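Only one structure is covered here, and it is reproduced in the block below.
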Amino acid sequence: MEESVLTDDLVRQLMNVGEVDILVGLPTYNNVKTVVPVTQAIVAGLLKSFPRERAAIINPDGGSNDGTRERVAEASISDVRHVANLYTLRTLHSISTQYSHTPSTGTALRTILAAADLLRAKACAVISPESTNAQPEWIERLLRPIYSENYDFVAPTYRRHKYEGVLLTNLVYPMTRALYARDLREPYASEFGFSGRLGGQFLGEEVWQHEVGRSGAEISLSLSAITGGYRICQAFLGTKVLADRRSSDLVGAMRQTVGALYWSLEARYSAWSNNSEVQPVPTLGKEYEVTLEPVRVNRKSLRDMFSSGVVELDSVLRSILSDSTMADLQRLAKAQEDEFCYPEGLWARTVYEFAASYHKAVMNRDHIIQALVPLYRGRMCTFMMENRNASAEQVEKNIEVVCREFERQKPYLLERWNGGK
Amino acid sequence: MRDLVVNELTQAWQEIARGFAHLLPRLLVMIIIAFVGWAIAALLRSILRAILRLAKFDRLSESAGATQFLHQAALPSSSELLARFVFWVAWLGFILLGVNVLGIVGLEDYVARFFQLLPRLLVALVILFLGLAAASFFSRAALLAAVNANVRSPRLVGLSIRSMLVILTLAMAFEELGVADVTILTAFGIVFGALMLGLAIAFGLGGKDLAREFLERRFGTAQKEKEEKEDELSPL
Amino acid sequence: MQVQPDALWYKDAIIYQVHVRTFCDSNADGIGDFRGLAQRLDYLQNVGITAIWLMPFFPSPLRDDGYDISDYQSVHPSYGTLDDFKSFLTGAHERGMRVLIEMVLNHTSDQHPWFLESRSSRDNPKRDWYVWNDTDTKYRGVRIIFLDTEMSNWAWDTISKQYYWHRFFSHQPDLNYDNPAVREEMWNVMKFWLEIGVDGFRLDAVPYLVEREGTSCENLPETHAVIREFRARLDKEYPGRMLLAEANQWPADLRAYFAEGEEFHMAFHFPLMPRMFMGLKLEDRKPISEILQQTPAIPSSCQWALFLRNHDELTLEMVTDIERDYMYDVYARDKTMRLNLGIRRRLAPLLENDRRRIELMNGMLLSMPGTPIIYYGDEIGMGDNIYLGDRNGVRTPMQWNGGWNAGFSAADPESLYSPLILNPVYGYQAVNVESQKRSEHSLLSWTQRIIKVRRSSQVFGRGSIEFLYPANHRVLAYVRQLGNDTVLVVNNLSSSAQAVELDLRRYKGSILIEMFGRNIFPRIGELPYLLTMGPYQFYWFRLRRL
């Protein structure tokens with residue numbers, strides 16, 4: 001219900017802003033170190049690309065105590081505050097609100113959607129406050145297709161290191177592509193653009209009534225765009241600047257991505273259960289880029305965590321996986337270092353069996369997600385091994401192989417989804 | 001004298017016969033009641049079986065972990081078990097009613113106590129069920145968390161949590177039944193206390209370095225060097 | 001009723017800008033004249049006007065609408081005689097109205113006897129009265145003002161074979177103010193009119209009086225010295241008369257023309273005017289509040305002259321490129337409307353004949369700090385004719401009634417100095433004084449009422465201004481104060497209804513009295529004061545403490 005995301009203070013601020021053409025959301029939580037250049041880039045981008053349009057920046061904050069909100073507010077342009085040497089036709093508003101005392105990306109997104117709906121914004125974008133390499137051009141790339149060319153959703157593409165984002169390249173991307181038949185490279189994105197149409201529809205969806213609405217809303221938005229028949233494109237934004245996140249936060253990451261994906265399979269069954277050709281998504285700018293600097297990776301620990309996970313979680317995994325998959329994994333857990341290989345086929349099968357078990361709720365669903373984590377580590381280890389000397393094209397080809405495997409095994413998922421063990 | 005004996009015998013026989021005749025209809029009634037009770041109990045059993053099947057009780061108990069438990073104990077599935085339990089309780093109830101009819105003094109008291117016990121038995125069963133479910137859930141949660149945090153011997157963690165919860169549940173169930181509650185309670189207290197003491201000593205003595213490191217990492221500002229140097233990679 | 005003697009009368013004035021040619025023709029020659037104008041003084045008095053500013057009526061070849069003067073001390077025969085002017089002046093003073101006339105200092109017509117003499121030969125005593133040079137490379141880089149018609153600021157004189165300097169049209173040679181004889185003669189010209197009784201001068205094109213090599217030839221210190229000289233003499237010999245500067249400059253540069261009260265009494269605030277139109281279209285107060293914030297404080301005896309439109313184009317010189325493009329796109333899509341970096345349209349067509357917007361703009365004009373100038377015909381909402389050349393589209397005959405020649409003249413319609421406006425929306429049958437006089441709800445009646453309210457308090461003309469910045473940027477709100485008199489003005493610049501919360505804690509305890517209906521509005525308390533406003537609505541509240 002909208003009342004819970006819109007405090008009285010926020011409503012008053014929205015009332016004073018009035019109708020806008022462009023809305024840019026900047027969700028923050030204790031980002032004072034990085035938020036200032038991002039805000040400045042947004043302001044510069046709006047003034048450069050949309051000087052005549054009515055625009056506003058909204059900053060939903062999860063309870064920062066380091067002055068983040070104040071920094072963002074300073075960047076607005078009003079008749080009281082001038083930014084030197086910037087001749088602007090209009091006031092550029094900055095709306096700031098605290099949506100709760102604990103940060104939640106889903107609630108922040110919901111606040112942005114609600115504001116966009118009330119302000120009747122035609123084109124909206126969300127920018128991550130950690131993207132210190134944000135450019136004014138991002139505003140143009142994310143919003144122009146929506147504002148002028150009638151697109152509804154603009155997903156980003158990035159330049160990444162080959163070992164970064166393995167969860168996306170080995171699970172989220174292949175699964176989304178195989179099941180929803182769209183070649184969307186970054187279904188889980190921290191910055192994207194969407195139209196008022198799509199935003200309004202997404203605001204009314206069921207996802208907000210559930211836990212996934214708090215943590216996995218971004219993927220749900222991408223899926224909404226795909227299954228709702230909206231026009232989608234991608235825009236290249238440059239290097240992906242990484243959050244100060246450690247790989248031990250893997251469980252949280254998986255909840256946000258895989259958990260949301262699995263959850264959405266229920267509601268969108270009719271959309272993904274059909275077999276269709278994978279459609280490409282038009283891209284403005286480069287499609288993706290892979291950088292290859294050498295990084296040090298502790299593959300052994302990944303392998304060990306995989307093996308110990310398979311062994312220790314034996315009772316849990318048995319309830320989730322089929323016997324043959326279980327046997328394969330156990331064999332793999334005992335494998336030697338140079339024989340260790342978690343092939344795409346087995347991986348796809350694992351993911352799909354998990355999805356089916358999630359659907360049947362063989363146990364608490366959050367536990368199912370947590371059980372997938374050690375298995376993912378094993379896959380990550382194999383992927384890194386395969387690509388340790390690979391060129392950029394080779395890496396892309398390997399990812400393509402994973403995607404094809406997911407596509408090929410889609411009938412298997414359907415079988416397990418509908419049938420028995 | 002023969003006449004006297006015959007008379008006495010006849011009188012005694014007559015008394016027995018009278019007593020028997022007095023008892024017989026009651027016995028008959030009791031048998032009838034028992035028979036009727038059997039029929040009703042059987043009916044209840046099949047109705048309950050159907051209801052439980054519809055309510056997918058088996059799945060529920062599976063997720064609670066009860067099924068595994070029963071399987072290990074070579075018992076039939078939980079719905080079957082429950083149905084049979086209800087059958088026996090119902091039939092026993094009817095039998096006891098019949099016994100009441102017999103009018104044997106002393107037995108009535110026990111019968112009354114049996115019927116008093118019934119609701120508490122139900123509550124105890126519910127406690128047991130919920131407790132087992134909770135134990136299963138929390139032990140699995142602990143197991144997963146331990147595995148993902150790369151803690152050593154995660155199964156031990158899971159098992160210890162499950163054991164503690166099961167023991168707690170049993171203690172509560174017995175207390176509800178009023179069966180040897182003081183004994184159970186005391187035993188539980190001793191076991192639990194000893195366990196905690198043992199853990200404290202173990203942790204305190206053996207794990208003081210670990211504890212220090214943990215506290216430093218959690219609340220301190222200095223970043224310690226990792227044992228194996230590696231670059232931070234983000235999954236997203 | 002006589003004109004009230006008051007040294008600062010111009011601060012309370014309501015000025016009416018009119019060209020005698022356009023107003024009323026008394027002798028049926030198709031051209032308005034002073035006798036006709038004198039006949040209409042009652043009308044002006046009823047509207048509430050207290051000062052009339054006349055466009056140039058001097059003898060002139062009329063190649064620049066009279067700003068090319070060929071005789072400073074006479075009246076163009078089409079408009080009557082000097083005596084006609086004097087009786088008009090008397091009539092105005094009798095009705096309590098003052099009269100301001102033009103004084104074109106910077107240049108004369110090339111038909112003026114002075115120039116005819118000057119150019120006759122290089123040795124002529126008046127040679128030095130104008131600015132001559134052998135080449136046209138002197139004062140290089142100085143901007144050209146009439147971009148649409150002139151290529152250079154120098155023109156070649158075939159008679160004396162030299163270039164002469166002209167900042168405006170080539171037939172308007174600039175006078176040379178470095179020559180003391182020129183300065184003396186121009187003072188004599190002004191004295192001539194002051195003796196007759198005019199109450200002040202609008203000095204045309206003042207920034208350009210003096211030229212110096214290597215400068216922009218605008219706003220030079222020497223120019224200011226000339227002005228100061230004139231002002232000193234004026235104060236000494238004719239106290240109470242007023243000098244109004246026409247200087248299209250940024251406010252910071254305009255400040256110099258007030259000096260410390262030693263130069264002009266008044267100056268036009270040119271940059272404000274386009275921004276008012278911009279703010280209206282953007283539905284954002286930012287352009288307006290920004291320019292007023294950047295407007296420097298002026299000496300207490302000085303005053304800004306504010307206007308919405310005038311005889312010239314709506315000038316967009318003093319805006320940035322991005323603002324100019326925006327104004328062109330929203331107000332003058334048709335390129336014929338654009339002229340010399342401006343837009344040549346009247347008030348009503350610019351605002352699409354929207355009565356609410358017209359009222360709002362007038363409301364702002366009459367409540368902002370300065371003396372308002374109303375362009376003739378805008379009080380009834382006259383239209384324009386963009387197909388007449390140059391700026392003549394906004395100088396069509398005054399529409400008095402729906403009859404013969406709109407009541408302007410008894411002559412043949414084809415002989416009028418300019419065709420009448422004929423279309424069904426703005427034509428004289430639809431828009432005229434007579435029909436608007438009969439209705440209490442016409443624009444004319446409304447204008448009379450608002451002028452009356454404005455004149456009911458000196459706070460508008462003389463008071464201070466303090467801007468409120470409510471969070472709703474579509475509302476422009478400010479407080480005018482003079483002594484105990486406090487007035488709150490709130491304007492809704494948006495085409496849709498708005499709610500606005502004003503922080504009036506400074507005035508806590510005051511009761512708001514709306515000045516038109518004189519109804520009481522709630523008292524100001526601790527909480528922000530909530531006002532809800534209809535589209536383009538404005539409020540004037542008097543704050544009373546009782």
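Ordering of the structure tokens sets the chain letters (A, B, ...), residue numbers begin anew at 1 in every chain, and ligands are numbered from 1 in the order given.
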* Close residues, range 286-297 of chain A itself excluded, 6 Å, only C-alpha atoms, min 6 positions apart in chain, as a ChimeraX atom specification -> /A:157-162,236,392 /B:230-231
For the selection you just gave me, I'd like the residues written to a file as an mmCIF file, in the first residue's frame, keeping N, CA and C atoms.
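Saved as part-v1.cif:
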data_model
loop_
_atom_site.group_PDB
_atom_site.id
_atom_site.type_symbol
_atom_site.label_atom_id
_atom_site.label_comp_id
_atom_site.auth_asym_id
_atom_site.auth_seq_id
_atom_site.Cartn_x
_atom_site.Cartn_y
_atom_site.Cartn_z
ATOM 1 N N THR A 157 24.643 -1.806 -19.615
ATOM 2 C CA THR A 157 25.680 -2.814 -19.809
ATOM 3 C C THR A 157 26.982 -2.171 -19.372
ATOM 4 N N TYR A 158 27.905 -3.004 -18.942
ATOM 5 C CA TYR A 158 29.114 -2.471 -18.327
ATOM 6 C C TYR A 158 30.368 -3.069 -18.925
ATOM 7 N N ARG A 159 31.442 -2.466 -18.551
ATOM 8 C CA ARG A 159 32.744 -3.066 -18.784
ATOM 9 C C ARG A 159 33.129 -3.725 -17.467
ATOM 10 N N ARG A 160 33.320 -5.009 -17.480
ATOM 11 C CA ARG A 160 33.639 -5.717 -16.235
ATOM 12 C C ARG A 160 34.875 -6.571 -16.395
ATOM 13 N N HIS A 161 35.441 -6.901 -15.258
ATOM 14 C CA HIS A 161 36.512 -7.894 -15.277
ATOM 15 C C HIS A 161 35.882 -9.264 -15.487
ATOM 16 N N LYS A 162 36.622 -10.140 -16.123
ATOM 17 C CA LYS A 162 36.035 -11.446 -16.470
ATOM 18 C C LYS A 162 35.620 -12.242 -15.245
ATOM 19 N N PHE A 236 25.191 1.348 -22.836
ATOM 20 C CA PHE A 236 26.508 1.083 -22.255
ATOM 21 C C PHE A 236 26.888 2.228 -21.330
ATOM 22 N N ALA A 392 39.107 -12.008 -24.230
ATOM 23 C CA ALA A 392 37.769 -11.463 -23.990
ATOM 24 C C ALA A 392 36.726 -12.227 -24.797
ATOM 25 N N GLU B 230 43.991 -12.455 -1.204
ATOM 26 C CA GLU B 230 43.263 -12.554 -2.465
ATOM 27 C C GLU B 230 42.542 -11.251 -2.749
ATOM 28 N N ASP B 231 42.284 -10.979 -4.006
ATOM 29 C CA ASP B 231 41.533 -9.780 -4.374
ATOM 30 C C ASP B 231 40.061 -9.995 -4.095
#
* To do: Give me the residues within 8 Å of range 198-208 of chain C as a PyMOL selection string, counting only C-alpha atoms and dropping any in the same chain fewer than 6 places off.
  => chain C and resi 89+98-106+167+217-220+223+240-247
* Rank C:Arg357, C:Arg523, C:Lys286, C:Arg309 by their smallest atom-to-atom distance to chain A, using only C-alpha atoms, and report the top residue only. =>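 Once distances to chain A are computed over only C-alpha atoms, the minimum belongs to C:Lys286.
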* To do: Please run DSSP on the backbone and report, as a ChimeraX atom specification, all residues within range 295-493 of chain C that come out as helix (DSSP H, G or I).
  => /C:321-331,335-337,347-350,355-367,392-394,404-407,413-415,433-437,443-455,459-462
* Structure fact -> For Leu302 in chain A, the closest of A:Thr239, A:Gln330, A:Gln209, A:Thr382 counting only C-alpha atoms is A:Thr382
* Could you please determine the separation between CA of Asn133 in chain C and CA of Tyr163 in chain C in Å, to one decimal place? =>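 Taking CA of Asn133 in chain C and CA of Tyr163 in chain C, their separation equals 5.1 Å.
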* For range 225-236 of chain C, list every protein, DNA or RNA residue within 7 Å, evaluated using only C-alpha atoms, and leave out those in the same chain fewer than 5 positions away; present the list as a ChimeraX atom specification. => /C:187,262-263
What's the 7 Å shell around range 221-230 of chain A, counting only C-alpha atoms, without same-chain residues fewer than 4 positions away, as an mmCIF file with N, CA and C atoms, in the first residue's frame?
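File written: around28.cif
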data_model
loop_
_atom_site.group_PDB
_atom_site.id
_atom_site.type_symbol
_atom_site.label_atom_id
_atom_site.label_comp_id
_atom_site.auth_asym_id
_atom_site.auth_seq_id
_atom_site.Cartn_x
_atom_site.Cartn_y
_atom_site.Cartn_z
ATOM 1 N N ASP A 152 10.472 1.631 -22.961
ATOM 2 C CA ASP A 152 9.950 1.594 -21.601
ATOM 3 C C ASP A 152 10.995 1.214 -20.562
ATOM 4 N N PHE A 153 12.026 0.550 -20.988
ATOM 5 C CA PHE A 153 13.019 0.084 -20.019
ATOM 6 C C PHE A 153 14.387 0.128 -20.656
ATOM 7 N N PRO A 187 20.016 -8.308 -15.884
ATOM 8 C CA PRO A 187 18.650 -8.210 -15.376
ATOM 9 C C PRO A 187 18.604 -7.623 -13.970
ATOM 10 N N LEU A 198 5.625 1.870 -17.299
ATOM 11 C CA LEU A 198 6.110 0.629 -16.698
ATOM 12 C C LEU A 198 6.156 0.762 -15.192
ATOM 13 N N PHE A 202 4.284 -1.595 -12.500
ATOM 14 C CA PHE A 202 5.081 -2.389 -11.575
ATOM 15 C C PHE A 202 4.723 -2.072 -10.129
ATOM 16 N N ALA A 217 13.631 -6.519 -5.636
ATOM 17 C CA ALA A 217 12.700 -5.824 -6.521
ATOM 18 C C ALA A 217 13.294 -5.520 -7.889
ATOM 19 N N ALA A 271 4.254 -16.967 -18.655
ATOM 20 C CA ALA A 271 5.179 -16.247 -19.539
ATOM 21 C C ALA A 271 6.376 -17.101 -19.909
#
What are the closest atom pairs, with distances in Å to one decimal, for each residue of chain C lying within 7 Å of chain A, using only C-alpha atoms, rows by chain and rising residue number, as CSV?
residue,atom,partner,partner_atom,distance
C:Asp284,CA,A:Arg90,CA,6.3
C:Lys286,CA,A:Asp79,CA,5.2
C:Pro287,CA,A:Leu89,CA,6.8
C:Ser289,CA,A:Asp79,CA,6.5
C:Glu290,CA,A:Asp79,CA,6.0
C:Glu323,CA,A:Leu89,CA,6.6
C:Ala471,CA,A:Asn16,CA,5.5
C:Asn472,CA,A:Asn16,CA,4.0
C:His473,CA,A:Asn16,CA,6.9
Up to 8 Å from chain B, what residues of chain A turn up? Count only C-alpha atoms and give them as a PDB file with N, CA and C atoms, in the first residue's frame.
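To be explicit, this is the file written out as part_29.pdb:
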ATOM      1  N   TYR A 163      36.243 -11.972 -14.114  1.00  0.00           N
ATOM      2  CA  TYR A 163      35.885 -12.739 -12.922  1.00  0.00           C
ATOM      3  C   TYR A 163      34.844 -12.034 -12.051  1.00  0.00           C
ATOM      4  N   GLU A 164      34.453 -10.823 -12.443  1.00  0.00           N
ATOM      5  CA  GLU A 164      33.457 -10.120 -11.642  1.00  0.00           C
ATOM      6  C   GLU A 164      32.063 -10.471 -12.126  1.00  0.00           C
ATOM      7  N   GLY A 165      31.165 -10.506 -11.177  1.00  0.00           N
ATOM      8  CA  GLY A 165      29.785 -10.721 -11.591  1.00  0.00           C
ATOM      9  C   GLY A 165      29.515 -12.130 -12.078  1.00  0.00           C
ATOM     10  N   VAL A 166      30.242 -13.113 -11.516  1.00  0.00           N
ATOM     11  CA  VAL A 166      30.054 -14.492 -11.983  1.00  0.00           C
ATOM     12  C   VAL A 166      28.640 -14.964 -11.695  1.00  0.00           C
ATOM     13  N   LEU A 167      28.083 -14.486 -10.625  1.00  0.00           N
ATOM     14  CA  LEU A 167      26.706 -14.881 -10.319  1.00  0.00           C
ATOM     15  C   LEU A 167      25.769 -14.447 -11.441  1.00  0.00           C
ATOM     16  N   LEU A 168      26.065 -13.270 -12.003  1.00  0.00           N
ATOM     17  CA  LEU A 168      25.228 -12.811 -13.098  1.00  0.00           C
ATOM     18  C   LEU A 168      25.497 -13.606 -14.368  1.00  0.00           C
ATOM     19  N   LEU A 242      32.565  -1.152  -8.337  1.00  0.00           N
ATOM     20  CA  LEU A 242      31.982  -2.126  -7.429  1.00  0.00           C
ATOM     21  C   LEU A 242      31.764  -1.558  -6.059  1.00  0.00           C
ATOM     22  N   ARG A 245      31.783  -4.487  -1.369  1.00  0.00           N
ATOM     23  CA  ARG A 245      31.105  -5.710  -0.947  1.00  0.00           C
ATOM     24  C   ARG A 245      32.084  -6.863  -0.935  1.00  0.00           C
ATOM     25  N   ARG A 246      32.005  -7.665   0.039  1.00  0.00           N
ATOM     26  CA  ARG A 246      32.896  -8.832   0.081  1.00  0.00           C
ATOM     27  C   ARG A 246      32.155 -10.058  -0.377  1.00  0.00           C
ATOM     28  N   SER A 247      32.934 -11.024  -0.817  1.00  0.00           N
ATOM     29  CA  SER A 247      32.282 -12.226  -1.335  1.00  0.00           C
ATOM     30  C   SER A 247      31.559 -12.977  -0.242  1.00  0.00           C
ATOM     31  N   SER A 248      31.807 -12.634   1.012  1.00  0.00           N
ATOM     32  CA  SER A 248      31.069 -13.358   2.042  1.00  0.00           C
ATOM     33  C   SER A 248      29.632 -12.892   2.115  1.00  0.00           C
ATOM     34  N   LEU A 250      27.713 -13.220  -0.047  1.00  0.00           N
ATOM     35  CA  LEU A 250      27.137 -13.981  -1.137  1.00  0.00           C
ATOM     36  C   LEU A 250      25.706 -14.380  -0.846  1.00  0.00           C
ATOM     37  N   VAL A 251      25.440 -14.716   0.409  1.00  0.00           N
ATOM     38  CA  VAL A 251      24.081 -15.167   0.733  1.00  0.00           C
ATOM     39  C   VAL A 251      23.084 -14.052   0.435  1.00  0.00           C
ATOM     40  N   ALA A 253      23.475 -11.582  -1.626  1.00  0.00           N
ATOM     41  CA  ALA A 253      23.399 -11.387  -3.071  1.00  0.00           C
ATOM     42  C   ALA A 253      22.497 -12.431  -3.704  1.00  0.00           C
ATOM     43  N   VAL A 295      44.059 -11.137 -11.646  1.00  0.00           N
ATOM     44  CA  VAL A 295      43.679 -10.993 -10.244  1.00  0.00           C
ATOM     45  C   VAL A 295      44.049 -12.273  -9.523  1.00  0.00           C
ATOM     46  N   ARG A 296      44.245 -12.124  -8.245  1.00  0.00           N
ATOM     47  CA  ARG A 296      44.572 -13.324  -7.463  1.00  0.00           C
ATOM     48  C   ARG A 296      43.281 -13.903  -6.931  1.00  0.00           C
ATOM     49  N   VAL A 297      43.162 -15.167  -7.156  1.00  0.00           N
ATOM     50  CA  VAL A 297      41.918 -15.830  -6.771  1.00  0.00           C
ATOM     51  C   VAL A 297      42.241 -17.065  -5.975  1.00  0.00           C
ATOM     52  N   ASN A 298      41.553 -17.268  -4.890  1.00  0.00           N
ATOM     53  CA  ASN A 298      41.805 -18.454  -4.093  1.00  0.00           C
ATOM     54  C   ASN A 298      40.832 -19.544  -4.498  1.00  0.00           C
ATOM     55  N   MET A 305      35.032 -25.117   0.040  1.00  0.00           N
ATOM     56  CA  MET A 305      33.712 -24.772   0.550  1.00  0.00           C
ATOM     57  C   MET A 305      32.633 -25.540  -0.201  1.00  0.00           C
ATOM     58  N   SER A 308      32.882 -29.273   1.198  1.00  0.00           N
ATOM     59  CA  SER A 308      32.349 -29.410   2.551  1.00  0.00           C
ATOM     60  C   SER A 308      30.864 -29.122   2.571  1.00  0.00           C
ATOM     61  N   GLY A 309      30.449 -28.197   1.695  1.00  0.00           N
ATOM     62  CA  GLY A 309      29.023 -27.908   1.638  1.00  0.00           C
ATOM     63  C   GLY A 309      28.226 -29.113   1.206  1.00  0.00           C
ATOM     64  N   GLU A 312      28.297 -31.668   4.165  1.00  0.00           N
ATOM     65  CA  GLU A 312      27.579 -31.291   5.390  1.00  0.00           C
ATOM     66  C   GLU A 312      26.088 -31.101   5.157  1.00  0.00           C
ATOM     67  N   LEU A 313      25.756 -30.637   3.971  1.00  0.00           N
ATOM     68  CA  LEU A 313      24.342 -30.362   3.719  1.00  0.00           C
ATOM     69  C   LEU A 313      23.643 -31.537   3.066  1.00  0.00           C
ATOM     70  N   VAL A 316      19.987 -31.928   3.656  1.00  0.00           N
ATOM     71  CA  VAL A 316      19.183 -30.860   3.076  1.00  0.00           C
ATOM     72  C   VAL A 316      19.111 -31.028   1.561  1.00  0.00           C
ATOM     73  N   VAL A 362       9.693 -27.543  -0.660  1.00  0.00           N
ATOM     74  CA  VAL A 362       9.996 -28.769   0.086  1.00  0.00           C
ATOM     75  C   VAL A 362      10.515 -28.440   1.474  1.00  0.00           C
ATOM     76  N   MET A 363      10.999 -27.230   1.634  1.00  0.00           N
ATOM     77  CA  MET A 363      11.341 -26.765   2.981  1.00  0.00           C
ATOM     78  C   MET A 363      11.244 -25.244   2.943  1.00  0.00           C
ATOM     79  N   ASN A 364      11.599 -24.610   4.022  1.00  0.00           N
ATOM     80  CA  ASN A 364      11.558 -23.152   4.019  1.00  0.00           C
ATOM     81  C   ASN A 364      12.353 -22.611   2.834  1.00  0.00           C
ATOM     82  N   HIS A 367      15.848 -21.235   3.121  1.00  0.00           N
ATOM     83  CA  HIS A 367      16.848 -22.271   3.330  1.00  0.00           C
ATOM     84  C   HIS A 367      17.286 -22.876   2.005  1.00  0.00           C
ATOM     85  N   GLN A 370      19.824 -20.604   0.573  1.00  0.00           N
ATOM     86  CA  GLN A 370      21.102 -20.697   1.282  1.00  0.00           C
ATOM     87  C   GLN A 370      21.839 -21.965   0.912  1.00  0.00           C
ATOM     88  N   ALA A 371      21.073 -23.030   0.639  1.00  0.00           N
ATOM     89  CA  ALA A 371      21.729 -24.298   0.309  1.00  0.00           C
ATOM     90  C   ALA A 371      22.419 -24.230  -1.038  1.00  0.00           C
ATOM     91  N   VAL A 373      24.251 -21.856  -2.104  1.00  0.00           N
ATOM     92  CA  VAL A 373      25.471 -21.040  -2.072  1.00  0.00           C
ATOM     93  C   VAL A 373      26.753 -21.861  -2.238  1.00  0.00           C
ATOM     94  N   PRO A 374      26.962 -22.939  -1.467  1.00  0.00           N
ATOM     95  CA  PRO A 374      28.212 -23.682  -1.667  1.00  0.00           C
ATOM     96  C   PRO A 374      28.322 -24.287  -3.054  1.00  0.00           C
TER      97      PRO A 374
END
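Excluding range 266-268 of chain A and any residue on its chain fewer than 4 positions from it, the residues at most 8 Å away by only C-alpha atoms are A:Thr227, A:Tyr262, A:Trp272, A:His359.
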